[in-house]
>>> print(open('entry-v3.txt').read())   # compact mmCIF, C-alpha atoms
# COMPACT_ATOMS: atom_id res chain seq x y z
CA GLY A 16 10.08 5.05 10.09
CA ASP A 17 8.65 8.49 10.77
CA ALA A 18 5.78 9.61 8.56
CA VAL A 19 6.58 12.54 6.29
CA ALA A 20 4.67 14.81 3.93
CA GLY A 21 6.39 15.60 0.65
CA GLU A 22 6.13 18.65 -1.54
CA GLN A 23 7.53 19.02 -5.04
CA GLY A 24 10.31 21.57 -5.01
CA GLY A 25 11.22 21.61 -8.71
CA PRO A 26 12.70 19.02 -11.06
CA CYS A 27 14.07 16.01 -9.20
CA THR A 28 13.81 17.71 -5.79
CA VAL A 29 11.53 16.86 -2.90
CA GLY A 30 10.94 18.63 0.39
CA LEU A 31 10.13 16.38 3.34
CA ASP A 32 8.45 17.50 6.53
CA PRO A 33 7.91 15.02 9.40
CA ILE A 34 4.27 14.60 10.38
CA LYS A 35 4.06 15.50 14.05
CA TYR A 36 3.94 12.67 16.58
CA VAL A 37 3.52 9.98 13.91
CA LYS A 38 6.31 7.41 14.21
CA ASN A 39 6.89 3.76 13.25
CA ALA A 40 4.66 4.33 10.23
CA ARG A 41 4.21 2.05 7.21
CA TRP A 42 2.02 1.93 4.09
CA PRO A 43 0.80 5.57 4.02
CA ALA A 44 -2.18 6.08 1.69
CA PHE A 45 -3.53 9.56 0.89
CA SER A 46 -7.24 10.04 0.18
CA GLU A 47 -8.18 12.67 -2.41
CA ALA A 48 -11.79 12.41 -1.21
CA ASN A 49 -11.22 13.60 2.36
CA GLY A 50 -7.65 14.93 2.36
CA THR A 51 -6.44 12.58 5.08
CA ILE A 52 -3.78 9.90 5.24
CA ALA A 53 -4.29 6.31 6.34
CA VAL A 54 -1.19 4.70 7.76
CA ALA A 55 -0.22 1.58 9.68
CA ALA A 56 1.55 2.85 12.78
CA CYS A 57 2.27 2.23 16.45
CA PHE A 58 1.84 5.29 18.66
CA GLY A 59 -0.73 5.19 21.41
CA GLY A 60 -1.53 1.66 20.21
CA CYS A 61 -0.84 -0.21 16.97
CA GLY A 62 -3.22 -0.41 14.04
CA ILE A 63 -4.43 1.63 11.07
CA TRP A 64 -4.66 5.35 11.81
CA ARG A 65 -6.29 8.20 9.90
CA ILE A 66 -4.29 11.39 10.21
CA THR A 67 -4.01 14.82 8.61
CA ALA A 68 -0.87 16.19 6.99
CA ASP A 69 -0.49 18.41 10.07
CA GLY A 70 -0.16 15.30 12.23
CA CYS A 71 -1.30 14.94 15.84
CA ASP A 72 -0.72 16.82 19.03
CA PRO A 73 0.60 14.96 22.11
CA SER A 74 -2.96 14.23 23.28
CA GLY A 75 -3.76 12.46 20.00
CA ARG A 76 -6.01 15.11 18.51
CA GLY A 77 -5.80 15.03 14.73
CA CYS A 78 -5.38 11.24 14.60
CA VAL A 79 -8.13 8.63 14.60
CA ARG A 80 -7.41 4.95 15.17
CA MET A 81 -9.45 3.06 12.56
CA SER A 82 -8.39 -0.51 13.38
CA THR A 83 -6.86 -2.12 16.45
CA GLY A 84 -5.03 -4.99 14.77
CA GLY A 85 -1.38 -4.57 15.66
CA SER A 86 -0.26 -6.08 12.35
CA ASP A 87 -2.98 -4.70 10.05
CA THR A 88 -1.33 -3.45 6.85
CA ALA A 89 -1.67 -2.37 3.23
CA PRO A 90 -4.39 0.30 3.38
CA ALA A 91 -6.18 1.40 0.19
CA TRP A 92 -8.90 4.03 -0.21
CA ALA A 93 -11.87 3.39 -2.49
CA PRO A 94 -13.52 6.14 -4.60
CA ASP A 95 -16.56 6.18 -2.28
CA GLY A 96 -14.41 7.09 0.74
CA SER A 97 -14.42 3.58 2.21
CA TYR A 98 -11.15 2.02 3.16
CA TRP A 99 -9.84 -1.51 2.56
CA PHE A 100 -6.91 -3.06 4.39
CA THR A 101 -5.24 -6.41 4.94
CA GLU A 102 -5.95 -7.97 8.30
CA GLY A 103 -2.98 -9.00 10.43
CA ASN A 104 -0.80 -11.80 9.01
CA ALA A 105 -2.86 -11.68 5.78
CA THR A 106 -5.67 -13.74 7.33
CA SER A 107 -8.30 -11.79 5.37
CA VAL A 108 -9.25 -8.34 4.10
CA ASN A 109 -11.48 -5.81 5.85
CA ARG A 110 -13.37 -2.64 4.99
CA LEU A 111 -14.17 0.53 6.91
CA GLY A 112 -16.89 2.98 5.93
CA PRO A 113 -16.35 6.75 5.53
CA GLY A 114 -17.27 7.12 9.22
CA ASP A 115 -14.55 4.63 10.27
CA SER A 116 -17.11 1.94 11.13
CA LEU A 117 -16.35 -1.64 10.19
CA ILE A 118 -18.46 -2.82 7.22
CA PRO A 119 -18.79 -6.61 6.77
CA ILE A 120 -17.14 -7.73 3.55
CA PRO A 121 -19.69 -9.27 1.12
CA PHE A 122 -17.83 -12.56 0.65
CA ALA A 123 -16.44 -15.39 2.77
CA ARG A 124 -13.37 -14.42 4.77
CA GLU A 125 -11.44 -17.41 3.41
CA LYS A 126 -11.43 -15.81 -0.04
CA GLY A 127 -9.33 -12.96 1.29
CA ARG A 128 -6.78 -15.16 3.03
CA GLY A 129 -3.21 -14.48 1.90
CA LEU A 130 -4.14 -11.37 -0.10
CA ARG A 131 -2.45 -8.00 0.40
CA ILE A 132 -4.61 -5.20 -0.97
CA GLN A 133 -2.63 -2.84 -3.21
CA GLN A 134 -5.12 -0.45 -4.81
CA VAL A 135 -8.86 -0.06 -5.36
CA LEU A 136 -9.47 0.81 -9.01
CA ALA A 137 -11.68 3.65 -10.20
CA ASP A 138 -14.72 1.39 -10.66
CA GLY A 139 -14.82 0.91 -6.87
CA ARG A 140 -15.54 -2.78 -7.32
CA THR A 141 -12.12 -4.13 -8.27
CA ALA A 142 -8.84 -4.13 -6.37
CA LEU A 143 -5.30 -5.11 -7.15
CA ALA A 144 -3.93 -7.62 -4.65
CA VAL A 145 -0.77 -9.65 -4.17
CA GLN A 146 -1.15 -13.28 -3.14
CA ALA A 147 1.46 -13.33 -0.38
CA PRO A 148 0.54 -15.45 2.67
CA SER A 149 2.08 -14.71 6.06
CA GLY A 150 5.83 -15.22 6.01
CA THR A 151 6.27 -14.36 2.32
CA ALA A 152 7.20 -11.02 0.77
CA SER A 153 6.03 -11.52 -2.82
CA GLY A 154 3.56 -13.42 -4.95
CA ALA A 155 1.44 -13.31 -8.09
CA GLY A 156 -0.66 -10.21 -8.79
CA PHE A 157 -4.44 -10.60 -8.92
CA LEU A 158 -7.60 -8.68 -9.67
CA LEU A 159 -9.91 -9.04 -6.66
CA ASP A 160 -13.66 -8.59 -7.13
CA LEU A 161 -14.66 -6.71 -3.98
CA ALA A 162 -18.28 -7.85 -4.30
CA THR A 163 -17.70 -11.59 -4.71
CA GLY A 164 -14.14 -12.23 -3.52
CA GLU A 165 -13.28 -13.91 -6.80
CA THR A 166 -9.71 -13.46 -8.05
CA THR A 167 -8.27 -13.35 -11.57
CA THR A 168 -4.55 -13.64 -12.27
CA LEU A 169 -3.16 -10.44 -13.76
CA VAL A 170 0.61 -10.87 -13.21
CA ALA A 171 1.77 -14.47 -12.99
CA GLN A 172 5.35 -13.75 -11.91
CA PRO A 173 6.04 -12.83 -8.27
CA VAL A 174 5.74 -9.13 -7.44
CA VAL A 175 6.31 -7.30 -4.17
CA GLU A 176 3.84 -4.51 -4.97
CA PHE A 177 2.05 -3.19 -8.06
CA ARG A 178 -0.14 -0.24 -9.03
CA SER A 179 -2.24 0.94 -11.95
CA VAL A 180 -1.73 4.55 -13.09
CA SER A 181 -2.00 6.54 -16.33
CA GLY A 182 -2.50 3.49 -18.52
CA GLU A 183 0.42 1.56 -17.06
CA LEU A 184 0.75 -1.27 -14.57
CA LEU A 185 3.83 -0.65 -12.42
CA CYS A 186 5.32 -3.74 -10.79
CA VAL A 187 8.17 -3.95 -8.30
CA LEU A 188 9.84 -7.36 -8.48
CA PRO A 189 11.64 -9.27 -5.71
CA ASP A 190 15.06 -8.27 -7.12
CA GLY A 191 14.22 -4.56 -6.70
CA SER A 192 13.59 -3.89 -10.39
CA MET A 193 10.46 -2.08 -11.58
CA THR A 194 8.56 -2.66 -14.81
CA ALA A 195 5.79 -0.79 -16.61
CA THR A 196 3.19 -2.66 -18.67
CA PRO A 197 0.47 -1.04 -20.85
CA PHE A 198 -2.80 -1.67 -19.01
CA ASP A 199 -6.47 -0.88 -19.63
CA ALA A 200 -7.73 -0.34 -16.08
CA ARG A 201 -11.36 -0.06 -17.19
CA ARG A 202 -11.41 -3.39 -19.03
CA HIS A 203 -8.74 -4.97 -16.80
CA ARG A 204 -6.58 -6.01 -19.73
CA ILE A 205 -2.82 -6.13 -20.29
CA LEU A 206 -2.13 -4.44 -23.64
CA GLY A 207 1.55 -5.13 -24.23
CA PRO A 208 4.87 -6.41 -22.88
CA ALA A 209 6.53 -5.17 -19.71
CA VAL A 210 9.39 -2.67 -19.98
CA LEU A 211 12.10 -2.25 -17.34
CA ILE A 212 12.03 1.34 -16.01
CA ALA A 213 14.09 1.20 -12.80
CA THR A 214 16.43 -0.99 -10.77
CA GLY A 215 17.55 -0.96 -7.17
CA VAL A 216 14.20 -0.05 -5.59
CA ALA A 217 14.54 -0.44 -1.82
CA LEU A 218 12.56 -3.34 -0.36
CA THR A 219 11.76 -4.54 3.15
CA GLY A 220 11.38 -8.08 4.37
CA THR A 221 7.68 -7.46 5.09
CA GLY A 222 6.58 -7.08 1.48
CA THR A 223 6.99 -3.34 1.13
CA ALA A 224 8.54 -1.59 -1.86
CA GLN A 225 9.72 1.94 -1.13
CA PHE A 226 7.95 3.72 -3.98
CA ALA A 227 4.95 5.95 -4.65
CA VAL A 228 3.17 7.05 -7.79
CA ALA A 229 0.84 10.00 -8.43
CA GLU A 230 -2.27 9.93 -10.63
CA ASN A 231 -0.44 11.94 -13.30
CA GLY A 232 2.17 9.18 -13.55
CA THR A 233 4.92 10.88 -11.54
CA LEU A 234 6.98 8.17 -9.84
CA ALA A 235 9.21 8.43 -6.77
CA TYR A 236 11.20 5.66 -5.13
CA ILE A 237 13.95 5.20 -2.56
CA PRO A 238 17.01 3.50 -4.05
CA GLU A 239 18.56 0.60 -2.23
CA THR A 240 21.72 1.60 -0.39
CA PRO A 241 24.82 -0.62 -0.31
CA ARG A 242 25.10 -2.79 2.75
CA SER A 243 28.25 -2.70 4.86
CA LEU A 244 29.69 -4.81 7.64
CA VAL A 245 30.18 -3.02 10.95
CA LEU A 246 32.35 -4.54 13.72
CA LEU A 247 31.63 -3.64 17.32
CA ASP A 248 33.46 -4.56 20.48
CA ARG A 249 31.69 -5.52 23.73
CA ASN A 250 31.42 -1.88 24.68
CA GLY A 251 29.59 -1.00 21.45
>>> encode(input="entry-v3.txt", output="structure tokens")
Amino acid sequence: GDAVAGEQGGPCTVGLDPIKYVKNARWPAFSEANGTIAVAACFGGCGIWRITADGCDPSGRGCVRMSTGGSDTAPAWAPDGSYWFTEGNATSVNRLGPGDSLIPIPFAREKGRGLRIQQVLADGRTALAVQAPSGTASGAGFLLDLATGETTTLVAQPVVEFRSVSGELLCVLPDGSMTATPFDARRHRILGPAVLIATGVALTGTGTAQFAVAENGTLAYIPETPRSLVLLDRNG
């Protein structure tokens, strides 16, 4: 859908402002380091774009196309300002430097096959990733060593997406439920059992959970809406 910028407007209220000229957007990721947003979008060409909260003008000023893969997805900023994303159809992962130049990944491309990057942790060396090959919307959650490409299972059950924040590991499951698990992000250790914190989180068929979480632990998600059958005649 359209990209929007949100602003807290008090308890349980959110103000949404469309970002100008940014449409068909998915997987927005805000960078604290440079104040810009990375998003997978199709306008003036498909790929990963870097934009400001003010959006673009009709000529494209204010938006920089960082990748040209029409199905590149799942962007994640690293603490050093570099940017990791999943190459189209989950064939591998890629990295862009702070200047938007492609940096060769330091491990064999096959090691990134089927992985959807979720988040780069504060150490800058480790990422959370879902093992979800092309055509699947969920899979086990892994720790990915960004220097070697080695993976370690963190969540064995299928997840659609997951994030680490404020000592918790938040997981959205294929049934739309969300759990929180005590997690030591520095030592990469699960510290306790998962607790159900939400149900009915909206999902897409492309492996996207409609939720976002801030560094202070504030969580926002779009609830799934009931489906209905609509009958149309030949004239619409």
>>> closest_residue(input="entry-v3.txt", among="A:Thr163, A:Asn231, A:Ser97, A:Thr67", to="Gly114 in chain A", atoms="all atoms listed in the file")
A:Ser97
>>> atom_distance(input="entry-v3.txt", atom1="CA of Phe45 in chain A", atom2="CA of Leu143 in chain A")
16.8 Å
>>> residues_around(input="entry-v3.txt", residues="Leu117 in chain A", least_positions_apart="5", cutoff="12 Å", atoms="all atoms listed in the file", output="list in words")
Met81, Ser82, Thr83, Ser97, Tyr98, Trp99, Phe100, Val108, Asn109, Arg110, Leu111 and Gly112 of chain A
>>> axis_aligned_box(input="entry-v3.txt", around="range 128-141 of chain A", padding_each_side="6 Å", output="AutoDock Vina command-line options")
--center_x -9.0 --center_y -5.8 --center_z -3.8 --size_x 25.1 --size_y 30.8 --size_z 25.7
>>> atom_distance(input="entry-v3.txt", atom1="CA of Glu125 in chain A", atom2="CA of Arg65 in chain A")
26.9 Å
>>> residues_around(input="entry-v3.txt", residues="range 189-196 of chain A", least_positions_apart="3", cutoff="12 Å", atoms="only C-alpha atoms", output="compact mmCIF listing (two decimals) with C-alpha atoms, in the coordinates of the input")
# COMPACT_ATOMS: atom_id res chain seq x y z
CA THR A 151 6.27 -14.36 2.32
CA ALA A 152 7.20 -11.02 0.77
CA SER A 153 6.03 -11.52 -2.82
CA GLY A 154 3.56 -13.42 -4.95
CA ALA A 155 1.44 -13.31 -8.09
CA LEU A 169 -3.16 -10.44 -13.76
CA VAL A 170 0.61 -10.87 -13.21
CA GLN A 172 5.35 -13.75 -11.91
CA PRO A 173 6.04 -12.83 -8.27
CA VAL A 174 5.74 -9.13 -7.44
CA VAL A 175 6.31 -7.30 -4.17
CA GLU A 176 3.84 -4.51 -4.97
CA PHE A 177 2.05 -3.19 -8.06
CA ARG A 178 -0.14 -0.24 -9.03
CA SER A 179 -2.24 0.94 -11.95
CA VAL A 180 -1.73 4.55 -13.09
CA SER A 181 -2.00 6.54 -16.33
CA GLY A 182 -2.50 3.49 -18.52
CA GLU A 183 0.42 1.56 -17.06
CA LEU A 184 0.75 -1.27 -14.57
CA LEU A 185 3.83 -0.65 -12.42
CA CYS A 186 5.32 -3.74 -10.79
CA ASP A 199 -6.47 -0.88 -19.63
CA ALA A 200 -7.73 -0.34 -16.08
CA ARG A 204 -6.58 -6.01 -19.73
CA ILE A 205 -2.82 -6.13 -20.29
CA LEU A 206 -2.13 -4.44 -23.64
CA GLY A 207 1.55 -5.13 -24.23
CA PRO A 208 4.87 -6.41 -22.88
CA ALA A 209 6.53 -5.17 -19.71
CA VAL A 210 9.39 -2.67 -19.98
CA LEU A 211 12.10 -2.25 -17.34
CA ILE A 212 12.03 1.34 -16.01
CA ALA A 213 14.09 1.20 -12.80
CA THR A 214 16.43 -0.99 -10.77
CA GLY A 215 17.55 -0.96 -7.17
CA VAL A 216 14.20 -0.05 -5.59
CA ALA A 217 14.54 -0.44 -1.82
CA LEU A 218 12.56 -3.34 -0.36
CA THR A 219 11.76 -4.54 3.15
CA GLY A 220 11.38 -8.08 4.37
CA THR A 221 7.68 -7.46 5.09
CA GLY A 222 6.58 -7.08 1.48
CA THR A 223 6.99 -3.34 1.13
CA ALA A 224 8.54 -1.59 -1.86
CA GLN A 225 9.72 1.94 -1.13
CA PHE A 226 7.95 3.72 -3.98
CA ALA A 227 4.95 5.95 -4.65
CA GLY A 232 2.17 9.18 -13.55
CA LEU A 234 6.98 8.17 -9.84
CA ALA A 235 9.21 8.43 -6.77
CA TYR A 236 11.20 5.66 -5.13
CA ILE A 237 13.95 5.20 -2.56
CA PRO A 238 17.01 3.50 -4.05
CA GLU A 239 18.56 0.60 -2.23
CA THR A 240 21.72 1.60 -0.39
>>> atom_distance(input="entry-v3.txt", atom1="CA of Gly129 in chain A", atom2="CA of Pro43 in chain A")
20.6 Å
>>> residues_around(input="entry-v3.txt", residues="Asp138 in chain A", least_positions_apart="4", cutoff="10 Å", atoms="only C-alpha atoms", output="list in words")
Ala93, Pro94, Asp95, Ala142, Ala200 and Arg201 of chain A
>>> closest_residue(input="entry-v3.txt", among="A:Gly127, A:Gly103, A:Pro121, A:Gly62", to="Ser149 in chain A", atoms="only C-alpha atoms")
A:Gly103
>>> closest_residue(input="entry-v3.txt", among="A:Pro148, A:Pro197, A:Gly139, A:Gly156", to="Thr101 in chain A", atoms="only C-alpha atoms")
A:Pro148
>>> closest_residue(input="entry-v3.txt", among="A:Thr51, A:Ser116, A:Gln134, A:Thr166", to="Val228 in chain A", atoms="only C-alpha atoms")
A:Gln134
>>> closest_residue(input="entry-v3.txt", among="A:Ala40, A:Arg128, A:Ile120, A:Cys71", to="Thr88 in chain A", atoms="all atoms listed in the file")
A:Ala40
>>> closest_residue(input="entry-v3.txt", among="A:Asp69, A:Asp115, A:Glu165, A:Glu102", to="Ile132 in chain A", atoms="only C-alpha atoms")
A:Glu102
